[in-house]
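Student: Got start.tsv for you, TSV, C-alpha atoms:
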```
chain	number	residue	atom	x	y	z
A	205	MET	CA	-16.21	-15.21	17.11
A	206	ASN	CA	-16.50	-11.58	18.49
A	207	MET	CA	-14.61	-9.59	15.90
A	208	LYS	CA	-14.55	-5.81	15.67
A	209	GLU	CA	-12.11	-3.71	13.67
A	210	GLU	CA	-11.95	0.08	13.64
A	211	ILE	CA	-10.25	1.45	10.53
A	212	ILE	CA	-9.19	4.91	9.35
A	213	ILE	CA	-8.39	5.47	5.67
A	214	ALA	CA	-6.81	8.87	5.03
A	215	GLY	CA	-5.17	10.82	2.21
A	216	PHE	CA	-5.85	13.58	-0.30
A	217	GLY	CA	-9.25	14.00	-1.94
A	218	GLY	CA	-9.09	12.41	-5.39
A	219	GLN	CA	-7.02	9.41	-4.19
A	220	GLY	CA	-10.15	7.30	-3.82
A	221	VAL	CA	-10.09	7.31	-0.01
A	222	LEU	CA	-13.87	7.51	0.39
A	223	SER	CA	-14.62	4.98	-2.34
A	224	MET	CA	-12.06	2.57	-0.85
A	225	GLY	CA	-13.92	2.81	2.45
A	226	LYS	CA	-17.27	2.40	0.71
A	227	ILE	CA	-16.15	-0.72	-1.17
A	228	LEU	CA	-14.73	-2.17	2.06
A	229	ALA	CA	-18.03	-1.41	3.82
A	230	TYR	CA	-20.15	-2.96	1.02
A	231	SER	CA	-17.87	-6.02	0.99
A	232	ALA	CA	-18.33	-6.53	4.74
A	233	ILE	CA	-22.12	-6.13	4.37
A	234	MET	CA	-22.08	-8.86	1.69
A	235	GLN	CA	-20.45	-11.03	4.35
A	236	ASP	CA	-23.31	-10.33	6.79
A	237	LEU	CA	-21.16	-8.17	9.07
A	238	GLU	CA	-22.26	-4.99	10.83
A	239	VAL	CA	-20.68	-1.86	9.32
A	240	THR	CA	-20.43	1.89	9.80
A	241	TRP	CA	-18.92	4.20	7.16
A	242	MET	CA	-18.28	7.77	8.21
A	243	PRO	CA	-16.53	10.08	5.71
A	244	SER	CA	-14.83	13.38	6.50
A	245	TYR	CA	-13.25	15.74	4.00
A	246	GLY	CA	-12.06	19.30	3.78
A	247	PRO	CA	-14.07	21.90	1.87
A	248	GLU	CA	-11.57	21.81	-0.99
A	249	MET	CA	-12.52	18.20	-1.94
A	250	ARG	CA	-10.04	17.15	-4.68
A	251	GLY	CA	-6.55	17.87	-3.38
A	252	GLY	CA	-7.73	18.59	0.17
A	253	THR	CA	-7.51	16.03	2.94
A	254	ALA	CA	-10.09	13.27	3.14
A	255	ASN	CA	-10.60	10.40	5.51
A	256	VAL	CA	-13.18	7.77	6.27
A	257	CYS	CA	-13.74	5.71	9.39
A	258	VAL	CA	-15.03	2.20	8.81
A	259	ILE	CA	-16.04	-0.14	11.61
A	260	VAL	CA	-16.57	-3.80	10.75
A	261	SER	CA	-18.01	-6.07	13.42
A	262	ASP	CA	-19.87	-9.33	13.89
A	263	ARG	CA	-22.05	-7.59	16.54
A	264	LYS	CA	-24.08	-4.39	16.66
A	265	ILE	CA	-21.92	-1.25	16.58
A	266	SER	CA	-22.81	1.11	19.40
A	267	SER	CA	-21.12	4.27	18.06
A	268	PRO	CA	-19.47	5.28	14.78
A	269	ILE	CA	-17.19	7.75	16.59
A	270	ILE	CA	-13.62	6.47	16.91
A	271	THR	CA	-10.52	8.04	18.45
A	272	LYS	CA	-8.22	4.98	18.44
A	273	TYR	CA	-7.86	2.71	15.43
A	274	ASP	CA	-6.97	-0.95	14.95
A	275	THR	CA	-5.87	-0.23	11.38
A	276	ALA	CA	-4.75	2.98	9.64
A	277	ILE	CA	-4.42	3.12	5.85
A	278	ILE	CA	-2.41	6.25	5.09
A	279	LEU	CA	-1.82	7.79	1.65
A	280	ASN	CA	-0.07	11.09	2.42
A	281	GLN	CA	2.27	12.73	4.93
A	282	GLN	CA	-0.38	14.97	6.52
A	283	SER	CA	-2.47	11.90	7.34
A	284	LEU	CA	0.52	10.03	8.75
A	285	ASP	CA	1.31	13.03	10.96
A	286	LYS	CA	-2.30	13.21	12.12
A	287	PHE	CA	-3.19	9.52	12.65
A	288	GLU	CA	0.02	7.57	13.42
A	289	LYS	CA	-0.32	8.28	17.16
A	290	SER	CA	-3.97	7.16	17.13
A	291	ILE	CA	-3.28	3.53	16.20
A	292	ARG	CA	-3.77	1.12	19.10
A	293	PRO	CA	-0.60	-0.70	20.28
A	294	GLY	CA	-0.39	-3.94	18.30
A	295	GLY	CA	-2.42	-2.33	15.49
A	296	LEU	CA	-1.64	-2.11	11.77
A	297	LEU	CA	-0.41	0.80	9.65
A	298	ILE	CA	-0.47	0.41	5.85
A	299	TYR	CA	1.00	3.26	3.83
A	300	ASP	CA	2.04	4.19	0.31
A	301	PRO	CA	5.68	5.34	0.52
A	302	SER	CA	5.27	7.60	-2.55
A	303	GLY	CA	3.11	9.98	-0.50
A	304	ILE	CA	5.36	9.97	2.57
A	305	THR	CA	8.42	12.11	3.31
A	306	ARG	CA	8.97	10.84	6.87
A	307	GLU	CA	8.81	7.12	7.59
A	308	PRO	CA	6.45	5.93	10.35
A	309	GLU	CA	8.18	5.94	13.75
A	310	ARG	CA	6.06	3.67	15.95
A	311	THR	CA	7.63	0.44	17.17
A	312	ASP	CA	4.56	-1.00	18.91
A	313	ILE	CA	2.51	-1.54	15.73
A	314	ARG	CA	2.84	-3.61	12.55
A	315	ILE	CA	3.89	-1.40	9.62
A	316	CYS	CA	3.42	-2.40	5.98
A	317	SER	CA	3.83	-0.55	2.69
A	318	ILE	CA	2.36	-0.85	-0.79
A	319	ASP	CA	3.64	1.02	-3.85
A	320	ALA	CA	0.18	1.55	-5.28
A	321	ILE	CA	1.29	4.13	-7.85
A	322	GLU	CA	3.53	1.48	-9.44
A	323	VAL	CA	0.63	-1.01	-9.54
A	324	ALA	CA	-1.70	1.56	-11.14
A	325	ALA	CA	0.98	2.42	-13.73
A	326	GLU	CA	1.40	-1.27	-14.63
A	327	ILE	CA	-2.34	-1.66	-15.10
A	328	GLY	CA	-2.43	1.59	-17.08
A	329	ASN	CA	-5.15	3.32	-15.10
A	330	ALA	CA	-4.51	5.81	-12.28
A	331	LYS	CA	-8.05	5.25	-10.97
A	332	VAL	CA	-7.15	1.77	-9.66
A	333	TYR	CA	-4.56	3.21	-7.25
A	334	ASN	CA	-6.90	2.88	-4.27
A	335	MET	CA	-7.74	-0.74	-5.12
A	336	ALA	CA	-4.05	-1.69	-4.96
A	337	VAL	CA	-4.02	-0.25	-1.44
A	338	LEU	CA	-7.23	-2.10	-0.60
A	339	GLY	CA	-5.60	-5.32	-1.85
A	340	ALA	CA	-2.73	-4.81	0.59
A	341	TYR	CA	-5.24	-4.43	3.44
A	342	LEU	CA	-7.22	-7.50	2.36
A	343	LYS	CA	-4.05	-9.62	2.26
A	344	LEU	CA	-3.00	-8.52	5.75
A	345	ASN	CA	-6.48	-8.72	7.26
A	346	GLY	CA	-7.74	-11.89	5.61
A	347	ARG	CA	-11.33	-11.57	6.91
A	348	ILE	CA	-13.09	-10.14	3.85
A	349	LYS	CA	-13.46	-12.64	0.99
A	350	MET	CA	-12.58	-11.64	-2.60
A	351	GLU	CA	-16.01	-12.64	-3.93
A	352	ASN	CA	-17.57	-10.13	-1.53
A	353	VAL	CA	-15.11	-7.44	-2.62
A	354	VAL	CA	-16.16	-8.04	-6.25
A	355	LYS	CA	-19.81	-7.67	-5.14
A	356	GLY	CA	-18.80	-4.47	-3.34
A	357	LEU	CA	-17.16	-3.18	-6.53
A	358	GLN	CA	-20.27	-4.00	-8.56
A	359	LYS	CA	-22.43	-2.15	-6.02
A	360	SER	CA	-20.28	0.98	-5.95
A	361	ILE	CA	-19.09	1.34	-9.58
A	362	PRO	CA	-21.77	2.79	-11.90
A	363	ALA	CA	-22.93	0.37	-14.64
A	364	ARG	CA	-21.49	2.62	-17.37
A	365	TYR	CA	-18.01	1.93	-15.92
A	366	SER	CA	-18.49	-1.82	-15.47
A	367	ASP	CA	-15.37	-2.43	-17.60
A	368	LEU	CA	-13.38	-1.04	-14.65
A	369	ILE	CA	-14.41	-3.91	-12.36
A	370	GLN	CA	-11.85	-6.26	-13.92
A	371	LYS	CA	-9.08	-3.61	-13.76
A	372	ASN	CA	-9.96	-2.94	-10.12
A	373	ARG	CA	-9.87	-6.66	-9.35
A	374	GLU	CA	-6.46	-6.90	-11.04
A	375	ALA	CA	-5.22	-3.97	-8.91
A	376	ILE	CA	-6.52	-5.64	-5.73
A	377	GLU	CA	-4.73	-8.88	-6.62
A	378	LYS	CA	-1.47	-7.05	-7.40
A	379	GLY	CA	-1.79	-5.11	-4.13
A	380	MET	CA	-2.14	-8.42	-2.29
A	381	GLU	CA	1.02	-9.72	-3.98
A	382	ARG	CA	3.11	-6.56	-3.51
A	383	VAL	CA	2.44	-5.54	0.09
A	384	LYS	CA	5.66	-5.45	2.11
A	385	ILE	CA	6.09	-5.83	5.84
A	386	VAL	CA	8.29	-2.93	6.99
A	387	SER	CA	8.32	-3.82	10.70
A	388	GLU	CA	6.49	-6.01	13.19
A	389	SER	CA	5.29	-4.68	16.53
A	390	LYS	CA	7.66	-5.22	19.44
```
Please, can you express the file's structure as structure tokens?
Tutor:
Amino acid sequence: MNMKEEIIIAGFGGQGVLSMGKILAYSAIMQDLEVTWMPSYGPEMRGGTANVCVIVSDRKISSPIITKYDTAIILNQQSLDKFEKSIRPGGLLIYDPSGITREPERTDIRICSIDAIEVAAEIGNAKVYNMAVLGAYLKLNGRIKMENVVKGLQKSIPARYSDLIQKNREAIEKGMERVKIVSESK
């Protein structure tokens, strides 16, 4: 098959950007794929900008450094401003409209939105926000299997918070149901 996807996940620190990338990476590993996970965050941590590059491939990955992305998952306006231009033509942009003041402008990429804040409010736990976004990605991508995502959750959530695994799974499933296609690439 020869599959390689280069992904950027970006938003504010505290939105679960890095853990979303980590769970995606663990999930891909559980599926016997090659993975790199490279986080980057400002010195302010919570409230500052954070992003993570994840590469998922069925072959060895030669370099974790990426300048063009197949998929961008964007959770705030600063990240949209910074990364929208870096998505490859024909690529995918997933964003949460609650963190955006200017809609994406590209016409050569697929654009989808997920109201993850609404999903988290329905579940009653703000910490599952990022999993609703991950669910949107999983629905649109279709390569990573849910059983591997659950294994990824179990690997990354400390045992003392194991009760959150079911809430996270619920958020992923709702994210899969609620993702909206805003525009297709032309």
Student: Could the residues of segment 224-325 of chain A that have an atom at most 12 Å from segment 368-390 of chain A be listed as a tab-separated table, each with its closest atom pair and the distance in Å to one decimal, counting all atoms listed in the file and ordered by chain and ascending residue number?
Tutor:
```
residue	atom	partner	partner_atom	distance
A:Met224	CA	A:Asn372	CA	11.0
A:Ile227	CA	A:Asn372	CA	11.1
A:Leu228	CA	A:Ile376	CA	11.8
A:Ile291	CA	A:Ser389	CA	11.9
A:Arg292	CA	A:Ser389	CA	11.1
A:Pro293	CA	A:Ser389	CA	8.0
A:Gly294	CA	A:Ser389	CA	6.0
A:Gly295	CA	A:Ser389	CA	8.1
A:Leu296	CA	A:Ser389	CA	8.8
A:Leu297	CA	A:Val386	CA	9.8
A:Ile298	CA	A:Val383	CA	8.8
A:Tyr299	CA	A:Val383	CA	9.7
A:Asp300	CA	A:Val383	CA	9.7
A:Pro301	CA	A:Val386	CA	10.8
A:Glu307	CA	A:Val386	CA	10.1
A:Pro308	CA	A:Val386	CA	9.7
A:Glu309	CA	A:Ser387	CA	10.2
A:Arg310	CA	A:Ser389	CA	8.4
A:Thr311	CA	A:Ser389	CA	5.7
A:Asp312	CA	A:Ser389	CA	4.4
A:Ile313	CA	A:Ser389	CA	4.3
A:Arg314	CA	A:Glu388	CA	4.4
A:Ile315	CA	A:Ser387	CA	5.2
A:Cys316	CA	A:Ile385	CA	4.3
A:Ser317	CA	A:Lys384	CA	5.3
A:Ile318	CA	A:Val383	CA	4.8
A:Asp319	CA	A:Arg382	CA	7.6
A:Ala320	CA	A:Gly379	CA	7.0
A:Ile321	CA	A:Gly379	CA	10.4
A:Glu322	CA	A:Gly379	CA	10.0
A:Val323	CA	A:Ala375	CA	6.6
A:Ala324	CA	A:Ala375	CA	6.9
A:Ala325	CA	A:Ala375	CA	10.1
```
Student: Put those residues in a file: C-alpha atoms, as a compact mmCIF listing (two decimals), in the frame of the given file.
Tutor:
```
# COMPACT_ATOMS: atom_id res chain seq x y z
CA MET A 224 -12.06 2.57 -0.85
CA ILE A 227 -16.15 -0.72 -1.17
CA LEU A 228 -14.73 -2.17 2.06
CA ILE A 291 -3.28 3.53 16.20
CA ARG A 292 -3.77 1.12 19.10
CA PRO A 293 -0.60 -0.70 20.28
CA GLY A 294 -0.39 -3.94 18.30
CA GLY A 295 -2.42 -2.33 15.49
CA LEU A 296 -1.64 -2.11 11.77
CA LEU A 297 -0.41 0.80 9.65
CA ILE A 298 -0.47 0.41 5.85
CA TYR A 299 1.00 3.26 3.83
CA ASP A 300 2.04 4.19 0.31
CA PRO A 301 5.68 5.34 0.52
CA GLU A 307 8.81 7.12 7.59
CA PRO A 308 6.45 5.93 10.35
CA GLU A 309 8.18 5.94 13.75
CA ARG A 310 6.06 3.67 15.95
CA THR A 311 7.63 0.44 17.17
CA ASP A 312 4.56 -1.00 18.91
CA ILE A 313 2.51 -1.54 15.73
CA ARG A 314 2.84 -3.61 12.55
CA ILE A 315 3.89 -1.40 9.62
CA CYS A 316 3.42 -2.40 5.98
CA SER A 317 3.83 -0.55 2.69
CA ILE A 318 2.36 -0.85 -0.79
CA ASP A 319 3.64 1.02 -3.85
CA ALA A 320 0.18 1.55 -5.28
CA ILE A 321 1.29 4.13 -7.85
CA GLU A 322 3.53 1.48 -9.44
CA VAL A 323 0.63 -1.01 -9.54
CA ALA A 324 -1.70 1.56 -11.14
CA ALA A 325 0.98 2.42 -13.73
```
Student: Rank A:Val258, A:Leu284, A:Met335, A:Ala276 by their smallest atom-to-atom distance to Val239 of chain A, using only C-alpha atoms, and report the top residue only.
Tutor: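 Answer, going by the shortest atom-to-atom distance: A:Val258.
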Student: Nearest to Gly220 of chain A among A:Ile259, A:Leu338, A:Ile327, A:Ile265, with distances taken over all atoms listed in the file: which residue is it?
Tutor: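 The shortest atom-to-atom distance to Gly220 of chain A comes from A:Leu338.
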Student: Considering all atoms listed in the file, can you say which of A:Leu344, A:Val354, A:Ile304, A:Ile211 comes closest to Asp274 of chain A?
Tutor: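 Distance minimum relative to Asp274 of chain A lands on A:Ile211.
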Student: I need the residue nearest Leu357 of chain A from this list: A:Ile212, A:Val332, A:Ile269, A:Met207. Use only C-alpha atoms for the distance.
Tutor: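 Ranked by minimum distance to Leu357 of chain A, first place goes to A:Val332.
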Student: A:Lys355, A:Lys272, A:Lys349, A:Arg263: which is nearest Leu237 of chain A, counting all atoms listed in the file?
Tutor: A:Arg263
Student: Would you mind telling me which residue in A:Ser231, A:Arg347, A:Thr271, A:Gln282 lies nearest to Phe216 of chain A when using only C-alpha atoms?
Tutor: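 Closest to Phe216 of chain A of all the choices is A:Gln282.
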Student: In Å, with one decimal, what is the gap from atom CA of Gln281 of chain A to atom CA of Ala254 of chain A?
Tutor: 12.5 Å
Student: Could you tell me how far atom CA of Ser223 of chain A sits from atom CA of Asn334 of chain A, in Å to one decimal place?
Tutor: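 Spanning atom CA of Asn334 of chain A to atom CA of Ser223 of chain A is a straight-line distance of 8.2 Å.
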Student: What is the atom CA of Asn352 of chain A-atom CA of Lys226 of chain A distance in Å, reported with one decimal?
Tutor: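 Computing it gives 12.7 Å between the two atoms.
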Student: If you take every atom of segment 290-296 of chain A that the file lists and fit an axis-aligned box around them with 3 Å extra on each side, what centre and edge lengths come out in Å to one decimal, as lines of an AutoDock Vina configuration file?
Tutor:
```
center_x = -2.2
center_y = 1.6
center_z = 16.0
size_x = 9.6
size_y = 17.1
size_z = 14.5
```
Student: Name the residues, using the chain letters and numbers of the file, that sit within 7 Å of (-10.6, 12.1, 1.8) when counting all atoms listed in the file, and give them as number ranges by chain.
Tutor: A: 214-217, 221-222, 244-245, 253-256
